[in-house]
Amino acid sequence: MTFLAPGFLFASLAVAAGIVALHFIVTRQPRAALLPTARFVPDTPATTVARARRPSELLLMFLRVLLVIAAGAGMAKPVLTPRRGAQARVILVDVSRSARDTIAIRDSVHAIYRNGDAVVVFDSSARVVTGDISAGIDSLRPTIRRGNLSAALIAALRAGSSLRERADSLELVLVSPFAKEELDAATDSIRKLWPGRARLVRARQPAVDSARVTRKLGITADVNDPLRVTVMLAGQRITGNGQRAAGNGQRETGNALINRGPGFSSQAASRSGEAGALIEWPASTRPRFAVPRAVKDTVGGVMAGESGVVAAFERAWSYPPDSLRGGEVVARWVDGEPAAIEKPDGPGCVRSVAIPVTPVGDLVIRTEFVRFVASLSRPCAQTTSLIPADPAAVAKLEGNGGLAPRESFQPATDARSDLAPWLFALALTAAIAELLVRRRGKNANANRELRVPSREARAA
Amino acid sequence: MTGGEAGESYDEYAALLDAVRGIRWPARSAVRGGIPGAHTSRLRGISAEFTEYRPYRQGDDTRRIDWKLFARSDRAYNRLSNDRAILPTMIVLDASASMAFPVATNGKWKLAAQLGVGLGAVARNSGDPVGLVVAGEEPLLLAPRMRRSVTHEIIRAVSAARPGGNTPLSPSVSIASQSGGRVVIVTDYLGDAEELLTVASRLVAAGREVHTVHVIARDEIDPSGEAAMVFDPEAADVRRALTTDTRDQYIAAYAEWRDRIAHEFTEAGVAYSTAIVGGEAPDHLIRRITAPRGMSATA
């Protein structure tokens, strides 16, 4: 058995020793005696203090010591130390939208997992699999959320702390397709916090070569629609290579079509089934998934990725929380409210944009707005989620050196102690018993003091 | 009370009764009783014991005129003589809880009972009717009687009584005074001393002879030096710590109170005596209490 916070136990032992010492110092009222002329004694409080050879009120002392030590031990969080093995693994399992071959991932995890290992599944967040881990592995399902390796590595560090008592050395195993979108700027520095190398198990994916993703931007709108100009300018920015490559038989996985109104829905519908993005950006009607705002307001800008536009947009629509389920926000107003969302649609996706485009002014030809529209027309997330990460970045994930020694991990202070609740219950019971015993003793003293000799005793 | 218990009670008081057999208890002043007795009466009557002549005045009973003197002197004189009368004596015993002290011996109550029996016997031997009032949880009243068995009745009554409770004494004294020209109060004054003083003063003013015997235990005068939480048996809320620090103050306060009680009752015309448990022998106490005025030794 070990204690996660042994300081509390030491403190409780010190307090218990003090209690025992106090029980040797007896503070009590003098013996009671009957005196008819007691009224002539000055009314002053009096207690006598003496050191006893034996502690007074042994039962009370026992209960008090038990109370303090049980409470202290409970706060010290005792845990039963399992038998320590030579090696244990922290297995990070990718269940994000990048990991589409679930069977391959399950098989990989099953092949790696041993009793005593910790399994952490992650997508945009990470969580440790508890309970029946084998069953948990069997029930792995990919989610639609973007993977985040940084969050997974932080969870791995926490899992390593919980495993430090079970193994001498720990191995980090990552089972993931290692998509590009799963890595961020912090991933590398967080990875360095794991003191050892990692084993990378790459899950097979229908990977897409980012260099081969072509992009074309089209629009179905009225001839006088101001957005046509923007689309034309944006198309020049993003499809130069695509136009050239179209004749080479490349997959047009990055095509995007802006649909400006219900009158053009038939053209948009004809596009259904393609792998590109259908951008529902109605000129005047309600955007898909959006609801009218209770009060229209004006907001000063909108951001999509790294592109931003500063203008006085009149905000008429909003996306309720339910509409975001199963999708993701692709553009936000400057106050954080979603301005455009994306949802998967077959092999492609549908984007709904609730940003009004006014023909007044130079908005549609401003460079930042053109860049913003180009950003909105980027390939669908489920396409980009298949883009593999840079091999160099993946190599950094693997790291070098040996296995991580257990001493490198901090003891898990937030670990759950199964004994602590029982110790607290014991302390509570001792407290109640102490109260009852003390009260009974007080009553007995009072009765003994007030007892007047019976007639028979006096007669005797 | 069974015959055996009664016999034990008589045995307990037999020595005392023997010791006080020859004691007489004269009244402290002329009594105003009509029944012939041993005490000088305030009334001038027709007894054989001649006192003086007084000139006849209109309205006097002509049967009192000494006709022989009238024949010799031709002047009408009334022949006066001192009457002798009885003095009914009521003994009031305080049987409150404070009299059951010390707890182990009940010394105060035993002394009070001995004084009651002894004084009753002395009064009876002096030819006076004797009654008894026990003021306790179970009040008891024996009307004054002159018969010889009255002493035995008093012994039975005090043997059956047990001190307890905190019954005030002054009502019992008032009741006793209705049938007694002499009232003897045996108490520790730890009850209603103020009311008792008022009643006693009123009785003295009414011409009654009032004696009080202040019963005190040695442990009350000089309690043990061991620290103790002492409490009053008649007042549960009085709980005080008697320690070496408070003991001296207690002794001084109690002595001052005793002096004040003695002074106030004496000033009121009450014959005040003290009786300390384990001190003076009961028969000596009785001699001191019953001594004629001017001869009684100070306590």
# chains A, B, ... in the order shown; residues from 1 in each chain; ligands from 1

call {"tool": "interface_residues", "arguments": {"of": "chain A", "to": "chain B", "cutoff": "6 Å", "atoms": "only C-alpha atoms", "output": "count of residues only"}}
result
12

call {"tool": "select_by_dssp", "arguments": {"residues": "segment 264-451 of chain A", "states": "strand (DSSP E or B)", "output": "PyMOL selection string"}}
result
chain A and resi 277-280+291-304+307-318+328-333+338-345+348-353+388+404-405

call {"tool": "residues_around", "arguments": {"residues": "segment 280-295 of chain A", "least_positions_apart": "6", "cutoff": "10 Å", "atoms": "only C-alpha atoms", "output": "count of residues only"}}
result
39

call {"tool": "residues_around", "arguments": {"residues": "Pro282 of chain B", "least_positions_apart": "3", "cutoff": "9 Å", "atoms": "only C-alpha atoms", "output": "ChimeraX atom specification"}}
result
/B:16,111,114-115,118,275,279,285-287

call {"tool": "atom_distance", "arguments": {"atom1": "atom CA of Ser170 of chain B", "atom2": "atom CA of Met90 of chain B"}}
result
13.7 Å

call {"tool": "closest_residue", "arguments": {"among": "A:Ala311, A:Leu428, A:Val79, A:Val20", "to": "Leu60 of chain A", "atoms": "only C-alpha atoms"}}
result
A:Val20

call {"tool": "closest_residue", "arguments": {"among": "A:Ala76, A:Ala135, A:Ala256, A:Ala151", "to": "Asp123 of chain A", "atoms": "only C-alpha atoms"}}
result
A:Ala151

call {"tool": "residues_around", "arguments": {"residues": "Ile154 of chain B", "least_positions_apart": "3", "cutoff": "8 Å", "atoms": "only C-alpha atoms", "output": "MDAnalysis selection string"}}
result
chainID B and resid 116:117 120 131:132 142 150:151 157:158

call {"tool": "write_last_selection", "arguments": {"atoms": "N, CA and C atoms", "output": "compact mmCIF listing (two decimals), in the first residue's frame"}}
result
# COMPACT_ATOMS: atom_id res chain seq x y z
N GLY B 116 -35.74 18.61 70.40
CA GLY B 116 -37.20 18.64 70.44
C GLY B 116 -37.75 17.73 71.52
N VAL B 117 -37.21 16.51 71.57
CA VAL B 117 -37.69 15.56 72.58
C VAL B 117 -37.34 16.05 73.98
N GLY B 120 -39.29 19.13 74.96
CA GLY B 120 -40.67 18.73 75.20
C GLY B 120 -40.81 18.06 76.56
N GLY B 131 -46.67 20.54 72.50
CA GLY B 131 -47.06 20.10 71.15
C GLY B 131 -45.85 20.14 70.23
N LEU B 132 -46.05 19.62 69.04
CA LEU B 132 -44.91 19.52 68.12
C LEU B 132 -45.37 19.81 66.69
N LEU B 142 -48.67 17.98 66.29
CA LEU B 142 -49.20 17.40 67.53
C LEU B 142 -49.68 18.57 68.39
N VAL B 150 -47.27 12.29 76.21
CA VAL B 150 -46.95 13.22 75.13
C VAL B 150 -45.49 13.13 74.71
N THR B 151 -44.64 12.83 75.68
CA THR B 151 -43.23 12.70 75.33
C THR B 151 -43.02 11.53 74.37
N ALA B 157 -43.04 10.73 66.71
CA ALA B 157 -43.17 11.64 65.57
C ALA B 157 -41.81 11.99 64.96
N VAL B 158 -40.85 12.32 65.79
CA VAL B 158 -39.55 12.72 65.24
C VAL B 158 -38.81 11.51 64.69

call {"tool": "atom_distance", "arguments": {"atom1": "atom CA of Arg191 of chain A", "atom2": "atom CA of Pro391 of chain A"}}
result
15.5 Å

call {"tool": "residues_around", "arguments": {"residues": "Ile86 of chain B", "least_positions_apart": "6", "cutoff": "7 Å", "atoms": "only C-alpha atoms", "output": "ChimeraX atom specification"}}
result
/B:33,35-39,127-128

call {"tool": "select_by_dssp", "arguments": {"residues": "segment 58-295 of chain A", "states": "helix (DSSP H, G or I)", "output": "MDAnalysis selection string"}}
result
chainID A and resid 58:75 102:112 133:138 149:163 180:182 187:191 210:212 227:238 240:248 262:270

call {"tool": "atom_distance", "arguments": {"atom1": "atom CA of Val93 of chain A", "atom2": "atom CA of Leu4 of chain A"}}
result
28.7 Å

call {"tool": "residues_around", "arguments": {"residues": "Thr187 of chain A", "least_positions_apart": "5", "cutoff": "8 Å", "atoms": "only C-alpha atoms", "output": "ChimeraX atom specification"}}
result
/A:149-150,153

call {"tool": "write_last_selection", "arguments": {"atoms": "N, CA and C atoms", "output": "PDB file, in the first residue's frame"}}
result
ATOM      1  N   LEU A 149      -3.593  15.363 -31.974  1.00  0.00           N
ATOM      2  CA  LEU A 149      -2.535  14.570 -31.354  1.00  0.00           C
ATOM      3  C   LEU A 149      -1.977  15.242 -30.099  1.00  0.00           C
ATOM      4  N   SER A 150      -2.045  16.557 -30.053  1.00  0.00           N
ATOM      5  CA  SER A 150      -1.542  17.260 -28.861  1.00  0.00           C
ATOM      6  C   SER A 150      -2.351  16.857 -27.629  1.00  0.00           C
ATOM      7  N   LEU A 153      -1.431  13.359 -26.609  1.00  0.00           N
ATOM      8  CA  LEU A 153      -0.140  13.222 -25.931  1.00  0.00           C
ATOM      9  C   LEU A 153      -0.223  13.684 -24.473  1.00  0.00           C
TER      10      LEU A 153
END
